[in-house]
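A.B. asks: Got a structure here, written out as structure tokens. Questions coming.
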Amino acid sequence: MARFRSLIAGLSWTTGLAVAAGVLLGGCSSTDDEHDHHDGQHRPKVVATTAWEAAFAKAAGIEDVKVIVPASVHHAPDYDPKPSDLTAVAEADFVLYASFEPFAGKIKEAAGSKAKLIEVNLDNSADKVTAQVKSLGTEFGTSDHADPWVTAFAAEYDKLGKDIRAAWPGSKQPTVVAQVFSTWAAQLAGADIVGTYGPEAVTPGQLAGLAAKKPDFVFDNAHMSTGAVLPDSGAKQVSIVNYPGQDLDLLTVYRDAATTLKKAMSGS
């Protein structure tokens, strides 16, 4: 987190990076003609801070998205951008980032890019995903791709939800305590969300209150897990993955979650 704080305070990922930016930009002059703007035939150049934002861009119609933070880095704000990242940003039309990743603006500043910064709402709730993909499709000029994706997503979401509900223990709606970034999985499962926790540390009083709800399951966030949340409550803890894989397929996140949830609810 120390590196993250230094980024917020100023462009302090070393003087060497700033020098690299000068070298990169000194050797080329980018013009609008050199950018692959969307004109009905071409897609704009998009850079995303993480695979999660990139998956939204792909859903909206951008097949080739440059991802800055490697998948091996589990906490994006701790990542130190490289000169190659500046090159990508300098040539981009759009840079996608999340509110907790303010270093995106610093990268753009260092690269001297004219790219438009777009803050992506990283929430896998169905309504939020639909709104975000449609919005990006409008921004990119790719609604011809985004709108059909949203239609396909709605159909897949309904199918997966029915599959999970068919696996409810005893055919009864389960009760769930969910980490705030995992509530979407509870919604997908049709579960009754009786409490939430995070992203800040949970106090003993909060834990006692959540345990008193006597949930059937705890849906933890695989990317921010702090271990067993309610170890003595009898609730079964399930780890929920928010980020897509290297294929940047957002639908796979839902399919994988459905598989995990059906397995947990069937007791297998």
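Note on naming: chains are A, B, ... as they come in the structure tokens, residues start from 1 per chain, ligands start from 1 in the order shown.
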Could the residues of stretch 38-134 of chain A that have an atom at most 12 Å from stretch 155-179 of chain A be listed as JSON lines, each with its closest atom pair and the distance in Å to one decimal, counting only C-alpha atoms and ordered by chain and ascending residue number?

C.D. replies:
```
{"residue": "A:Asn124", "atom": "CA", "partner": "A:Tyr157", "partner_atom": "CA", "distance": 11.3}
{"residue": "A:Ser125", "atom": "CA", "partner": "A:Tyr157", "partner_atom": "CA", "distance": 10.4}
{"residue": "A:Ala126", "atom": "CA", "partner": "A:Tyr157", "partner_atom": "CA", "distance": 7.8}
{"residue": "A:Asp127", "atom": "CA", "partner": "A:Tyr157", "partner_atom": "CA", "distance": 11.0}
{"residue": "A:Val129", "atom": "CA", "partner": "A:Tyr157", "partner_atom": "CA", "distance": 11.2}
{"residue": "A:Thr130", "atom": "CA", "partner": "A:Tyr157", "partner_atom": "CA", "distance": 11.2}
```

A.B. asks: Using DSSP secondary structure from the backbone, list all helix (DSSP H, G or I) positions within stretch 6-225 of chain A, as a VMD selection string.

C.D. replies: chain A and resid 6 to 9 15 to 26 32 to 34 51 to 59 76 to 78 83 to 90 103 to 111 126 to 140 143 to 165 169 to 171 180 to 189 204 to 212

A.B. asks: Taking 3 positions as the minimum chain separation for residues in the same chain, which residues sit within 8 Å of A:Val150 when counting only C-alpha atoms? Answer as a PyMOL selection string.

C.D. replies: chain A and resi 130+133-134+146-147+153-154

A.B. asks: Next, dump the selected residues to file, keeping only N, CA, C and O atoms, as a compact mmCIF listing (two decimals), in the first residue's frame.

C.D. replies:
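Result saved to result05.txt:
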```txt
# COMPACT_ATOMS: atom_id res chain seq x y z
N THR A 130 -25.26 -4.63 -17.35
CA THR A 130 -26.02 -4.22 -18.52
C THR A 130 -25.84 -2.74 -18.81
O THR A 130 -25.56 -2.34 -19.95
N VAL A 133 -22.03 -1.97 -19.93
CA VAL A 133 -21.71 -2.41 -21.28
C VAL A 133 -22.40 -1.53 -22.32
O VAL A 133 -21.80 -1.14 -23.33
N LYS A 134 -23.66 -1.19 -22.09
CA LYS A 134 -24.37 -0.30 -23.00
C LYS A 134 -23.70 1.07 -23.07
O LYS A 134 -23.55 1.67 -24.15
N ALA A 146 -22.44 -4.25 -28.60
CA ALA A 146 -22.81 -4.22 -27.17
C ALA A 146 -24.25 -4.65 -26.94
O ALA A 146 -24.54 -5.42 -26.01
N ASP A 147 -25.16 -4.17 -27.77
CA ASP A 147 -26.58 -4.48 -27.56
C ASP A 147 -26.89 -5.97 -27.70
O ASP A 147 -27.59 -6.54 -26.84
N PHE A 153 -26.43 -11.95 -22.70
CA PHE A 153 -26.12 -12.00 -21.27
C PHE A 153 -27.37 -12.23 -20.45
O PHE A 153 -27.39 -13.06 -19.53
N ALA A 154 -28.45 -11.52 -20.77
CA ALA A 154 -29.70 -11.66 -20.02
C ALA A 154 -30.22 -13.09 -20.10
O ALA A 154 -30.68 -13.66 -19.10
```

A.B. asks: Can you list, as a VMD selection string, every protein, DNA or RNA residue that comes within 9 Å of A:Asp123 when you count only C-alpha atoms, leaving out same-chain residues fewer than 6 positions away?

C.D. replies: chain A and resid 129 181 to 182 184 242

A.B. asks: Those same residues, written as a PDB file, in the first residue's frame with C-alpha atoms?

C.D. replies:
```pdb
ATOM      1  CA  VAL A 129     -23.259  -4.920 -16.018  1.00  0.00           C
ATOM      2  CA  PHE A 181     -18.259  -7.312  -3.887  1.00  0.00           C
ATOM      3  CA  SER A 182     -19.815 -10.795  -3.901  1.00  0.00           C
ATOM      4  CA  TRP A 184     -23.943 -10.294  -7.225  1.00  0.00           C
ATOM      5  CA  ASN A 242     -14.983 -11.539  -9.770  1.00  0.00           C
TER       6      ASN A 242
END
```

A.B. asks: Smallest atom-to-atom distance to A:Thr50: which of A:Ser72, A:Ser225, A:Ser135, A:Ser113, using only C-alpha atoms?

C.D. replies: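 Among the listed residues, the smallest separation from A:Thr50 belongs to A:Ser72.
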
A.B. asks: Closest to A:Ser84 among A:Lys236, A:Ala110, A:Pro204, A:Gly105, using only C-alpha atoms?

C.D. replies: A:Ala110

A.B. asks: For stretch 96-171 of chain A versus stretch 85-92 of chain A, which residues have an atom no more than 7 Å away, and what is each residue's nearest atom pair and distance in Å rounded to one decimal, using only C-alpha atoms, chain-then-number order, as a tab-separated table?

C.D. replies:
```
residue	atom	partner	partner_atom	distance
A:Ile107	CA	A:Leu86	CA	6.5
A:Lys108	CA	A:Val89	CA	6.3
A:Ala111	CA	A:Leu86	CA	5.1
A:Gly112	CA	A:Ala90	CA	6.2
A:Ser113	CA	A:Ala90	CA	4.4
A:Ala115	CA	A:Ala92	CA	5.6
```

A.B. asks: From the options A:Leu261, A:Met224, A:Ala152, A:Val47, which residue's atoms come nearest to A:Glu63, counting only C-alpha atoms?

C.D. replies: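 With only C-alpha atoms as the atom set, the closest residue is A:Val47.
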
A.B. asks: If we count only C-alpha atoms, what is near A:Ala264 at a cut-off of 12 Å, once residues fewer than 2 positions away on the same chain are taken out, given as a ChimeraX atom specification?

C.D. replies: /A:164,167-169,174,189,216-219,235-240,257-262,266-268

A.B. asks: Within 12 Å of A:Gly209, counting only C-alpha atoms, which residues qualify if same-chain residues fewer than 2 places away don't, as a ChimeraX atom specification?

C.D. replies: /A:177,194-197,202-207,211-215,230,233

A.B. asks: Please provide as a compact mmCIF listing (two decimals) with C-alpha atoms, in the first residue's frame all residues within 12 Å of A:Ala71, with the sequence filter that same-chain residues fewer than 5 positions apart are discarded (counting only C-alpha atoms).

C.D. replies:
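And here is the file that came out, out.txt:
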```txt
# COMPACT_ATOMS: atom_id res chain seq x y z
CA THR A 49 -6.05 -1.10 -15.95
CA THR A 50 -7.11 -4.69 -15.14
CA ALA A 51 -8.74 -7.70 -16.79
CA TRP A 52 -12.04 -6.80 -15.12
CA ALA A 54 -11.03 -5.13 -20.09
CA ALA A 76 -4.11 -3.43 -8.70
CA TYR A 79 1.22 -2.24 -9.37
CA HIS A 223 -9.63 -11.39 -4.27
CA TYR A 243 -12.23 -11.25 -12.36
CA PRO A 244 -12.26 -12.97 -15.78
CA GLY A 245 -9.42 -15.12 -17.08
CA GLN A 246 -7.00 -14.34 -19.88
CA ASP A 247 -9.81 -14.70 -22.43
CA LEU A 248 -11.47 -11.63 -20.86
```

A.B. asks: In Å, with one decimal, what is the gap from atom CA of A:Ile118 to atom CA of A:Asp249?

C.D. replies: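 So the answer is 19.9 Å.
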